[in-house]
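Engineer: Let me give you the structure first, and then I'll get to my questions.
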Amino acid sequence: MLFPEASAASGGHAFAVRGGRPLNGQESTVAVHLDQLNLSTGKKARLYTLFYAHGPGRGVGMFLPVDQGLEHGPRDFFPNPASQDPEYELRLAEAGNFSAIVFHIGLAEKYVHPYAGRVPLVLKLNGKTDIPPADEAFSAQTATVEDAVRLGASAVGYTLYVGSPAQDRDFAQFAQIRREAERLGMPVIVWAYPRGRYVEEKGGQLTSYAIEYAARVAAELGADVVKVNLPEFDPERHARTPKEYSQRTFTEEEAVRRVIAAAGRVPVLVSGGSQVAEDEVLRKAELSMRCGAAGLIFGRNIWQRPWEDALRLTRQIREIMLEYAGK
Amino acid sequence: MLFPEASAASGGHAFAVRGGRPLNGQESTVAVHLDQLNLSTGKKARLYTLFYAHGPGRGVGMFLPVDQGLEHGPRDFFPNPASQDPEYELRLAEAGNFSAIVFHIGLAEKYVHPYAGRVPLVLKLNGKTDIPPADEAFSAQTATVEDAVRLGASAVGYTLYVGSPAQDRDFAQFAQIRREAERLGMPVIVWAYPRGRYVEEKGGQLTSYAIEYAARVAAELGADVVKVNLPEFDPERHARTPKEYSQRTFTEEEAVRRVIAAAGRVPVLVSGGSQVAEDEVLRKAELSMRCGAAGLIFGRNIWQRPWEDALRLTRQIREIMLEYAGK
Amino acid sequence: MLFPEASAASGGHAFAVRGGRPLNGQESTVAVHLDQLNLSTGKKARLYTLFYAHGPGRGVGMFLPVDQGLEHGPRDFFPNPASQDPEYELRLAEAGNFSAIVFHIGLAEKYVHPYAGRVPLVLKLNGKTDIPPADEAFSAQTATVEDAVRLGASAVGYTLYVGSPAQDRDFAQFAQIRREAERLGMPVIVWAYPRGRYVEEKGGQLTSYAIEYAARVAAELGADVVKVNLPEFDPERHARTPKEYSQRTFTEEEAVRRVIAAAGRVPVLVSGGSQVAEDEVLRKAELSMRCGAAGLIFGRNIWQRPWEDALRLTRQIREIMLEYAGK
Amino acid sequence: MLFPEASAASGGHAFAVRGGRPLNGQESTVAVHLDQLNLSTGKKARLYTLFYAHGPGRGVGMFLPVDQGLEHGPRDFFPNPASQDPEYELRLAEAGNFSAIVFHIGLAEKYVHPYAGRVPLVLKLNGKTDIPPADEAFSAQTATVEDAVRLGASAVGYTLYVGSPAQDRDFAQFAQIRREAERLGMPVIVWAYPRGRYVEEKGGQLTSYAIEYAARVAAELGADVVKVNLPEFDPERHARTPKEYSQRTFTEEEAVRRVIAAAGRVPVLVSGGSQVAEDEVLRKAELSMRCGAAGLIFGRNIWQRPWEDALRLTRQIREIMLEYAGK
Amino acid sequence: MLFPEASAASGGHAFAVRGGRPLNGQESTVAVHLDQLNLSTGKKARLYTLFYAHGPGRGVGMFLPVDQGLEHGPRDFFPNPASQDPEYELRLAEAGNFSAIVFHIGLAEKYVHPYAGRVPLVLKLNGKTDIPPADEAFSAQTATVEDAVRLGASAVGYTLYVGSPAQDRDFAQFAQIRREAERLGMPVIVWAYPRGRYVEEKGGQLTSYAIEYAARVAAELGADVVKVNLPEFDPERHARTPKEYSQRTFTEEEAVRRVIAAAGRVPVLVSGGSQVAEDEVLRKAELSMRCGAAGLIFGRNIWQRPWEDALRLTRQIREIMLEYAGK
């Protein structure tokens, strides 16, 4: 367990509310209710593809992100060299019945055609390499919403580095994309990532403070879906967060519920991060869904595994998701 | 009382003039006179919604700002966890008959629809997180006037960081928005906030010097309504202001009247700031209205309180406002 | 007298030529000859309004600038609190028959309507606060030529910070405005101000070197009228100017004639600067006109005075101007 | 041999896959299969010109780059002064039957006309001088895709400095060009060059780490063809690469195959770099083709040689290429 | 003589080739051959005006630049005060039958009309003051190609600071202008000036290395005519240039021929620089023409002289030019 037991101080809070509906643990229904999000017809149609027509369905989504070749480079493919070929992930997405695959424009242009329609596409619209440091993290636009429309994508993805010194450029760039997406009925999934030197000063990118803030910012700026990391508790880092946070602690479940609550009505996808053991993957999936996530977006934990292991794990995750999905 | 008694030196000044009409304390009428502002038909119609058709009416406005989730993060919701759900504030705005609620685009898109028409909307068009320091404060554009028109908003809000080293970008960004607003008949409410390292050097953001300057800048650049903080007197900080200010002192009432006079014919809304005791809230409301404010824009002092407390306080503020409102 | 007697070295120069016509002291005619400036029909019509139809007329102009509320803040209104209300200056401009009043967009929008047509308007198109230091001075655009056209203005004003490290952005911004003004037949008055750390290194903003250079730059870049400060002689500062200047001295009259000659065919308006005694104001007015200025643009020296003093001084200045005006 | 023998650790990897087809040494067919790249009609037609109708044909390409006059200056022409005249390279390209010549806009406009149609043109769209250091390398746009279309070019070239601190501007600039190229059916060849101070910190621009990453980034961002340098092994530099790389070594052939595999389905051209001995040129050509390159782009190694030597070497390279070309 | 005798090492080079035609000293014909430059009809017509219809004609051009009032300020007019009036230079250009006068937009708008058609105009499109240091030299755009077309100009001028840290902005700005010029058939004359702190580190702006590189860059980026300074030999500075240069020396004539050869087919104009003695002016003119220059662009060496001296010198230069001109 990553978090200490909740202190008495925080135990009494009851703000784990989602879309106005109380979330009472496993009983709650976490599905994305498309009619509660005031979506345009185009956005609704495309989100239906992702959360109902493909993948686990019933309002939950399971996404296969493949943007690590840009974000981290080919070294992410070392644990499973076959994964360097994007066709590997496309086959996996089809065989595992993922809700969608996430590609940057280059891979989408060159590889998706044979799978078009069968494997929904989320086109990532910005990115960067991890060669320069992340002190002033900014992820530049690499494609447009019109590219996504042209390729028949069901959503676009955007990385927002919340708290970066470059947030002004980031907000402005995102606002342009949001508006183009509004015009074309394209849903926007925001990778809400706290980042940059001042995030580091205030405890880093994995504190409850930073992740809740990032989720809220994505919701404030107009995300249709938000992708977050789960917080990790570290006493030294926690102590550097603003006093409203550093004065209290949360159970792990509280911490996860809080992140999801911070996004408000915006459906939340939980990231997988770097590869961990299978049981930890499953625990994280279960925890996320139990706490109200609308889906999972696990990449390296899937495609860094050999084909059969990946498919078996995918099936297990899918079962967990459907336990918590809407009817 | 925040300010010392006025010195003889300043006592003789008689510049507490507003729109050409003398303001003799409680006798004066502070209402926004829409026909004196040379407004386009669209701007007049929308300001009528805010200052006459909704809220206290009779030319005064009471606004509920909910942009703190972006500006400060979820920690602002800790005193009243229910307030994290924007629906809480929408219900409060409706129950308390506020003139309008202030949202960023994301919340406006996802939450306002059920309240459309019943609760007027002010769409905030720029924002930032408070994670990086404010030395070179700049608030990037997050939405457009066309977004506001599309959502049926009655005004847009813009944060102008007066005196920031980034003022050149800020002025240019504001000028674009002002022009788009002119074209579409959309009133612009300017959050006129002195900010940045040189404001700090010259006494900080709460001196009379800084706030009067900020109010004037908003008026010079084309605000239709201006939102200010009330000045707070601090001898050490006051001493760092330019000599025209540091050589004299004002009573608190003088100080407030001066800020409102600095905005000229542009109606002034007074900010509430962080939560204080109820009687202090009421005192600030009374002081502001007595000194010629056209309205109040109190957020945390309202929604950080439990539902019933918030509504009772709202009713009390409203009564004060109507005492000073136009006929 | 601000300048030493001219040295023999400079005494023999005879470059006090203006528009090809010799300027022999009081005998010369300083009026703006609109047909010598190769103006478009729109520019000519609007300059006619300023230099013939309003104000002193006969080709000379007397302008009332009111941009100090933005450039310096409300402290400029302390000597005469009534001046904080822009209506005060509008009444003064009308009563004193000024050629035009100079406002930023906000004041122009909210205050000019009752005076439209009676008091010509020069719309200032860029500005800044003086809160940050002027080391890298840049004045951002706050309104457009189309705003000026829409408001019926007779000219636009632009502050060009000659020699600033930000000159590249300034030149580019000005070029855009110049072209828009060309397209719409709107005259451009350039506030040609040497500024920034390298101007300071080379003697500062009041040397003959800096002001002559600034006047020339305005002419090179396309000003239709140029506004300058008069040079002030300071031995220590003079010594830091380039050797072509530091090796010689000028009489005050030579210095003023040189600035006006530096602008070539472009009419020159002389700034008033901060408030000085009445006789000094008159001396400066007479000196400027005698040396070939096309007009005066005195703000604080007018509106910081009480109403009657301001009007009396205005009348006296006007008489001086007409002594030197064209027939 | 530039690389040590492969360690046992890496020997077992089998990721040398290209476009889904195994590359088993000399037996493999390396030709560009235009129907596997999901190209638009315009891109296919133009790539056909380069890889089939001109040059060696049968799906392999031999390009003559002449952008060194901009990138390094005239000193690159010292070994063979005749090469300073672009006509020299045009004649060489024609006599040696190169697939295309690569020029910047100025040379393309002034020199290509007599050769139009006979010598295909790749128009380089960005460039820089090497006078400033490359710490924050960025190559500014010098021409557009429309220029290329107007000149009848068969492709455009773009230098992407992967890992540079300026990568955000680079990605954004490239994205614009990629879209314009998509709209006009123009193939984009990306010079994928790791560069900048952080690349240097992590081992420099010639490590397997850096070059594989660069090749992948080009593929992710939408290159149609990618141009790379071959990695060079240097123990000290290798040790500074991320642990996934520094923990293992590759044979030279493995290293080359890995780079080509990193580009995925995108055809790879291998750069020649600075002049080396003839046998080394031929060895490099053979190695590249054997490992799956789609072609070679040798400049200085060709035109820095006297005419006859250059032609003879070109013929030898061509023979090697055709050994590995498709049928 | 500015250069040492050529060393044996460089004596054998034979790259003094121009447009494919050998330049054998005085026998060569240096005229601009408009049909060899692949010019559009509009560019050809306008260059015909400059190199055939006006000035010396027969393919050589003699230009009178008057941009120093912006680049250096009025101090450049001190040697001949009459020259401060642009009309002086216009009369000189007409009386001396120059090929064209070079003005910035402001002077072109206000002064050229009476001379339109009689004195061709080259409109300079960018500029700066010399008040800030040139470490990061960049010359901002001050006018557009459309301005030039509107004013009936025969060419535009652009200063390119080759090697400046700001080269990325410069290249991008130039590319825009080049394209607009292409669209409108307007020739572009590039002032190819090595500049900035890294040029200084590598020997400064007057080395053969820097000037040859600058000439080549102008040709690569699309100049139609290039303006250069002649190199000056300084052993200490020469030693700091790249080894390809520092290892050899050139005779003065070799050095000049090399610069002209570096521009390839692009005609070269040689700058005059600051005022020198008459015989040195004539020697420079003769040297330039003998080495293949297409013309001269002497400003201060002409208009800083009294009227009669200027005209006599102009006639002498013209005679030299015609000795080398085409038939």
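Here, A, B, ... name the chains of the structure tokens in the order displayed, residue numbers run from 1 inside each chain, and ligands are numbered from 1 in the same displayed order.
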Taking 5 positions as the minimum chain separation for residues in the same chain, which residues sit within 10 Å of Ala210 (chain A) when counting only C-alpha atoms? Answer as a PDB file with all heavy atoms, in the first residue's frame.

Structural biologist:
ATOM      1  N   VAL A 162       0.833  21.034 -16.361  1.00  0.00           N
ATOM      2  CA  VAL A 162       0.270  21.948 -15.363  1.00  0.00           C
ATOM      3  C   VAL A 162       1.357  22.431 -14.407  1.00  0.00           C
ATOM      4  O   VAL A 162       2.108  21.628 -13.854  1.00  0.00           O
ATOM      5  CB  VAL A 162      -0.865  21.242 -14.599  1.00  0.00           C
ATOM      6  CG1 VAL A 162      -1.386  22.128 -13.468  1.00  0.00           C
ATOM      7  CG2 VAL A 162      -1.979  20.871 -15.576  1.00  0.00           C
ATOM      8  N   GLY A 163       1.441  23.732 -14.252  1.00  0.00           N
ATOM      9  CA  GLY A 163       2.401  24.318 -13.323  1.00  0.00           C
ATOM     10  C   GLY A 163       3.761  24.616 -13.922  1.00  0.00           C
ATOM     11  O   GLY A 163       4.624  25.176 -13.259  1.00  0.00           O
ATOM     12  N   ALA A 192      -3.136  15.232 -18.146  1.00  0.00           N
ATOM     13  CA  ALA A 192      -2.958  16.315 -17.167  1.00  0.00           C
ATOM     14  C   ALA A 192      -1.767  15.985 -16.275  1.00  0.00           C
ATOM     15  O   ALA A 192      -1.891  15.231 -15.311  1.00  0.00           O
ATOM     16  CB  ALA A 192      -4.227  16.508 -16.352  1.00  0.00           C
ATOM     17  N   TYR A 193      -0.631  16.560 -16.628  1.00  0.00           N
ATOM     18  CA  TYR A 193       0.621  16.188 -15.976  1.00  0.00           C
ATOM     19  C   TYR A 193       1.231  17.385 -15.261  1.00  0.00           C
ATOM     20  O   TYR A 193       1.673  18.338 -15.903  1.00  0.00           O
ATOM     21  CB  TYR A 193       1.619  15.689 -17.023  1.00  0.00           C
ATOM     22  CG  TYR A 193       1.356  14.295 -17.543  1.00  0.00           C
ATOM     23  CD1 TYR A 193       2.184  13.747 -18.524  1.00  0.00           C
ATOM     24  CD2 TYR A 193       0.315  13.512 -17.078  1.00  0.00           C
ATOM     25  CE1 TYR A 193       1.978  12.464 -19.022  1.00  0.00           C
ATOM     26  CE2 TYR A 193       0.097  12.236 -17.575  1.00  0.00           C
ATOM     27  CZ  TYR A 193       0.928  11.712 -18.534  1.00  0.00           C
ATOM     28  OH  TYR A 193       0.718  10.446 -19.026  1.00  0.00           O
ATOM     29  N   PRO A 194       1.325  17.352 -13.931  1.00  0.00           N
ATOM     30  CA  PRO A 194       2.049  18.423 -13.236  1.00  0.00           C
ATOM     31  C   PRO A 194       3.524  18.292 -13.609  1.00  0.00           C
ATOM     32  O   PRO A 194       4.077  17.189 -13.583  1.00  0.00           O
ATOM     33  CB  PRO A 194       1.839  18.103 -11.754  1.00  0.00           C
ATOM     34  CG  PRO A 194       0.860  16.981 -11.692  1.00  0.00           C
ATOM     35  CD  PRO A 194       0.865  16.304 -13.013  1.00  0.00           C
ATOM     36  N   ARG A 195       4.159  19.385 -13.913  1.00  0.00           N
ATOM     37  CA  ARG A 195       5.536  19.280 -14.370  1.00  0.00           C
ATOM     38  C   ARG A 195       6.257  20.614 -14.242  1.00  0.00           C
ATOM     39  O   ARG A 195       5.630  21.663 -14.223  1.00  0.00           O
ATOM     40  CB  ARG A 195       5.543  18.858 -15.854  1.00  0.00           C
ATOM     41  CG  ARG A 195       6.775  18.111 -16.342  1.00  0.00           C
ATOM     42  CD  ARG A 195       7.039  16.811 -15.601  1.00  0.00           C
ATOM     43  NE  ARG A 195       5.939  15.867 -15.560  1.00  0.00           N
ATOM     44  CZ  ARG A 195       5.768  14.850 -16.411  1.00  0.00           C
ATOM     45  NH1 ARG A 195       6.653  14.634 -17.364  1.00  0.00           N
ATOM     46  NH2 ARG A 195       4.750  14.035 -16.287  1.00  0.00           N
ATOM     47  N   VAL A 199       6.730  22.732  -9.719  1.00  0.00           N
ATOM     48  CA  VAL A 199       6.048  21.531  -9.241  1.00  0.00           C
ATOM     49  C   VAL A 199       7.027  20.728  -8.388  1.00  0.00           C
ATOM     50  O   VAL A 199       6.683  20.256  -7.294  1.00  0.00           O
ATOM     51  CB  VAL A 199       5.530  20.695 -10.429  1.00  0.00           C
ATOM     52  CG1 VAL A 199       5.100  19.313  -9.971  1.00  0.00           C
ATOM     53  CG2 VAL A 199       4.407  21.424 -11.153  1.00  0.00           C
ATOM     54  N   GLU A 200       8.254  20.623  -8.870  1.00  0.00           N
ATOM     55  CA  GLU A 200       9.273  19.881  -8.122  1.00  0.00           C
ATOM     56  C   GLU A 200       9.489  20.521  -6.748  1.00  0.00           C
ATOM     57  O   GLU A 200       9.512  19.845  -5.727  1.00  0.00           O
ATOM     58  CB  GLU A 200      10.570  19.855  -8.943  1.00  0.00           C
ATOM     59  CG  GLU A 200      11.594  18.827  -8.515  1.00  0.00           C
ATOM     60  CD  GLU A 200      11.041  17.403  -8.474  1.00  0.00           C
ATOM     61  OE1 GLU A 200      10.101  17.083  -9.233  1.00  0.00           O
ATOM     62  OE2 GLU A 200      11.541  16.618  -7.645  1.00  0.00           O
ATOM     63  N   LYS A 202       7.453  22.090  -4.990  1.00  0.00           N
ATOM     64  CA  LYS A 202       6.286  21.913  -4.120  1.00  0.00           C
ATOM     65  C   LYS A 202       5.943  20.438  -3.939  1.00  0.00           C
ATOM     66  O   LYS A 202       4.796  20.108  -3.676  1.00  0.00           O
ATOM     67  CB  LYS A 202       5.112  22.709  -4.688  1.00  0.00           C
ATOM     68  CG  LYS A 202       5.377  24.219  -4.625  1.00  0.00           C
ATOM     69  CD  LYS A 202       4.245  25.042  -5.212  1.00  0.00           C
ATOM     70  CE  LYS A 202       4.633  26.531  -5.132  1.00  0.00           C
ATOM     71  NZ  LYS A 202       3.687  27.419  -5.790  1.00  0.00           N
ATOM     72  N   GLY A 203       6.917  19.556  -4.094  1.00  0.00           N
ATOM     73  CA  GLY A 203       6.697  18.156  -3.772  1.00  0.00           C
ATOM     74  C   GLY A 203       6.753  17.209  -4.953  1.00  0.00           C
ATOM     75  O   GLY A 203       6.770  15.993  -4.768  1.00  0.00           O
ATOM     76  N   GLY A 204       6.735  17.751  -6.161  1.00  0.00           N
ATOM     77  CA  GLY A 204       6.885  16.868  -7.318  1.00  0.00           C
ATOM     78  C   GLY A 204       5.561  16.469  -7.942  1.00  0.00           C
ATOM     79  O   GLY A 204       4.476  16.776  -7.439  1.00  0.00           O
ATOM     80  N   GLN A 205       5.690  15.700  -9.015  1.00  0.00           N
ATOM     81  CA  GLN A 205       4.548  15.444  -9.877  1.00  0.00           C
ATOM     82  C   GLN A 205       3.623  14.327  -9.400  1.00  0.00           C
ATOM     83  O   GLN A 205       2.602  14.071 -10.017  1.00  0.00           O
ATOM     84  CB  GLN A 205       5.047  15.138 -11.288  1.00  0.00           C
ATOM     85  CG  GLN A 205       5.846  13.859 -11.383  1.00  0.00           C
ATOM     86  CD  GLN A 205       6.588  13.748 -12.710  1.00  0.00           C
ATOM     87  OE1 GLN A 205       7.417  14.589 -13.051  1.00  0.00           O
ATOM     88  NE2 GLN A 205       6.282  12.714 -13.454  1.00  0.00           N
ATOM     89  N   ALA A 215      -5.728  17.716 -12.468  1.00  0.00           N
ATOM     90  CA  ALA A 215      -7.030  17.218 -12.934  1.00  0.00           C
ATOM     91  C   ALA A 215      -8.033  18.361 -13.006  1.00  0.00           C
ATOM     92  O   ALA A 215      -8.812  18.480 -13.963  1.00  0.00           O
ATOM     93  CB  ALA A 215      -7.534  16.119 -12.000  1.00  0.00           C
ATOM     94  N   ARG A 216      -8.008  19.211 -12.000  1.00  0.00           N
ATOM     95  CA  ARG A 216      -8.929  20.352 -11.989  1.00  0.00           C
ATOM     96  C   ARG A 216      -8.633  21.319 -13.147  1.00  0.00           C
ATOM     97  O   ARG A 216      -9.553  21.834 -13.788  1.00  0.00           O
ATOM     98  CB  ARG A 216      -8.818  21.086 -10.655  1.00  0.00           C
ATOM     99  CG  ARG A 216      -9.654  22.344 -10.549  1.00  0.00           C
ATOM    100  CD  ARG A 216     -11.124  22.029 -10.295  1.00  0.00           C
ATOM    101  NE  ARG A 216     -11.966  23.216 -10.310  1.00  0.00           N
ATOM    102  CZ  ARG A 216     -13.170  23.288  -9.755  1.00  0.00           C
ATOM    103  NH1 ARG A 216     -13.700  22.220  -9.159  1.00  0.00           N
ATOM    104  NH2 ARG A 216     -13.879  24.391  -9.807  1.00  0.00           N
ATOM    105  N   PRO A 231      -1.572   9.274  -7.496  1.00  0.00           N
ATOM    106  CA  PRO A 231      -0.600   9.857  -6.567  1.00  0.00           C
ATOM    107  C   PRO A 231       0.176   8.780  -5.811  1.00  0.00           C
ATOM    108  O   PRO A 231      -0.305   7.676  -5.609  1.00  0.00           O
ATOM    109  CB  PRO A 231      -1.469  10.677  -5.608  1.00  0.00           C
ATOM    110  CG  PRO A 231      -2.854  10.190  -5.769  1.00  0.00           C
ATOM    111  CD  PRO A 231      -2.971   9.576  -7.123  1.00  0.00           C
ATOM    112  N   THR A 241       4.333  20.205   0.070  1.00  0.00           N
ATOM    113  CA  THR A 241       3.117  20.689  -0.585  1.00  0.00           C
ATOM    114  C   THR A 241       2.494  21.807   0.259  1.00  0.00           C
ATOM    115  O   THR A 241       2.830  21.962   1.441  1.00  0.00           O
ATOM    116  CB  THR A 241       2.093  19.543  -0.761  1.00  0.00           C
ATOM    117  OG1 THR A 241       1.776  19.007   0.528  1.00  0.00           O
ATOM    118  CG2 THR A 241       2.664  18.434  -1.634  1.00  0.00           C
ATOM    119  N   PRO A 242       1.599  22.602  -0.326  1.00  0.00           N
ATOM    120  CA  PRO A 242       0.929  23.661   0.448  1.00  0.00           C
ATOM    121  C   PRO A 242       0.269  23.100   1.711  1.00  0.00           C
ATOM    122  O   PRO A 242      -0.128  21.929   1.754  1.00  0.00           O
ATOM    123  CB  PRO A 242      -0.118  24.200  -0.541  1.00  0.00           C
ATOM    124  CG  PRO A 242       0.475  23.939  -1.883  1.00  0.00           C
ATOM    125  CD  PRO A 242       1.196  22.630  -1.740  1.00  0.00           C
ATOM    126  N   VAL A 259      -8.557  12.467  -6.512  1.00  0.00           N
ATOM    127  CA  VAL A 259      -8.107  12.865  -7.849  1.00  0.00           C
ATOM    128  C   VAL A 259      -9.279  12.830  -8.822  1.00  0.00           C
ATOM    129  O   VAL A 259      -9.492  13.764  -9.619  1.00  0.00           O
ATOM    130  CB  VAL A 259      -6.979  11.936  -8.342  1.00  0.00           C
ATOM    131  CG1 VAL A 259      -6.708  12.164  -9.828  1.00  0.00           C
ATOM    132  CG2 VAL A 259      -5.723  12.164  -7.520  1.00  0.00           C
TER     133      VAL A 259
ATOM    134  N   GLY B  73      -6.131  26.070  -7.264  1.00  0.00           N
ATOM    135  CA  GLY B  73      -6.243  24.624  -7.174  1.00  0.00           C
ATOM    136  C   GLY B  73      -7.312  24.196  -6.187  1.00  0.00           C
ATOM    137  O   GLY B  73      -7.928  25.023  -5.499  1.00  0.00           O
ATOM    138  N   PRO B  74      -7.518  22.887  -6.087  1.00  0.00           N
ATOM    139  CA  PRO B  74      -8.597  22.359  -5.252  1.00  0.00           C
ATOM    140  C   PRO B  74      -8.483  22.700  -3.769  1.00  0.00           C
ATOM    141  O   PRO B  74      -9.459  22.577  -3.036  1.00  0.00           O
ATOM    142  CB  PRO B  74      -8.494  20.843  -5.468  1.00  0.00           C
ATOM    143  CG  PRO B  74      -7.853  20.683  -6.799  1.00  0.00           C
ATOM    144  CD  PRO B  74      -6.902  21.838  -6.918  1.00  0.00           C
ATOM    145  N   ILE B 131       1.263  27.891  -9.381  1.00  0.00           N
ATOM    146  CA  ILE B 131       2.446  27.072  -9.078  1.00  0.00           C
ATOM    147  C   ILE B 131       3.743  27.823  -9.385  1.00  0.00           C
ATOM    148  O   ILE B 131       4.598  27.924  -8.517  1.00  0.00           O
ATOM    149  CB  ILE B 131       2.353  25.702  -9.801  1.00  0.00           C
ATOM    150  CG1 ILE B 131       1.127  24.933  -9.268  1.00  0.00           C
ATOM    151  CG2 ILE B 131       3.631  24.898  -9.598  1.00  0.00           C
ATOM    152  CD1 ILE B 131       0.839  23.608  -9.967  1.00  0.00           C
TER     153      ILE B 131
END

Engineer: I'd like the contact shell of Gln36 (chain C) - 9 Å cut-off, only C-alpha atoms, skipping same-chain residues fewer than 3 positions apart - returned as a PyMOL selection string.

Structural biologist: (chain C and resi 19+32-33+39+265) or (chain E and resi 110-111)

Engineer: Counting only C-alpha atoms, which residues of chain E come no farther than 6 Å from chain D, as a list in words?

Structural biologist: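 The answer, sorted by residue number, is Phe15, Leu37, Asn38, Gly163, Pro165, Asp168, Ala172, Ala175, Tyr198, Tyr213, Val217, Ala219, Glu220, Leu221 and Gly222 of chain E.
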
Engineer: Could you state the separation of CA of Ala325 (chain D) and CA of Pro306 (chain D) in Å, given to one decimal place?

Structural biologist: 27.8 Å

Engineer: Residues within 9 Å of Ala255 (chain C), please, as JSON, numbers by chain. Count only C-alpha atoms; anything in the same chain fewer than 2 positions from it doesn't count.

Structural biologist: {"C": [3, 208, 230, 231, 232, 249, 250, 251, 252, 253, 257, 258, 259, 260]}

Engineer: In Å, with one decimal, what is the gap from CA of Ala218 (chain A) to CA of Val156 (chain B)?

Structural biologist: 20.2 Å

Engineer: Quote the spacing between CA of Ile189 (chain A) and CA of Val226 (chain A) in Å to one decimal place.

Structural biologist: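 Atom-to-atom, CA of Ile189 (chain A) and CA of Val226 (chain A) are spaced 5.5 Å apart.
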
Engineer: I'd like the contact shell of Asp279 (chain A) - 12 Å cut-off, only C-alpha atoms, skipping same-chain residues fewer than 3 positions apart - returned as number ranges by chain.

Structural biologist: A: 275-276, 282-287, 301, 313, 316-317
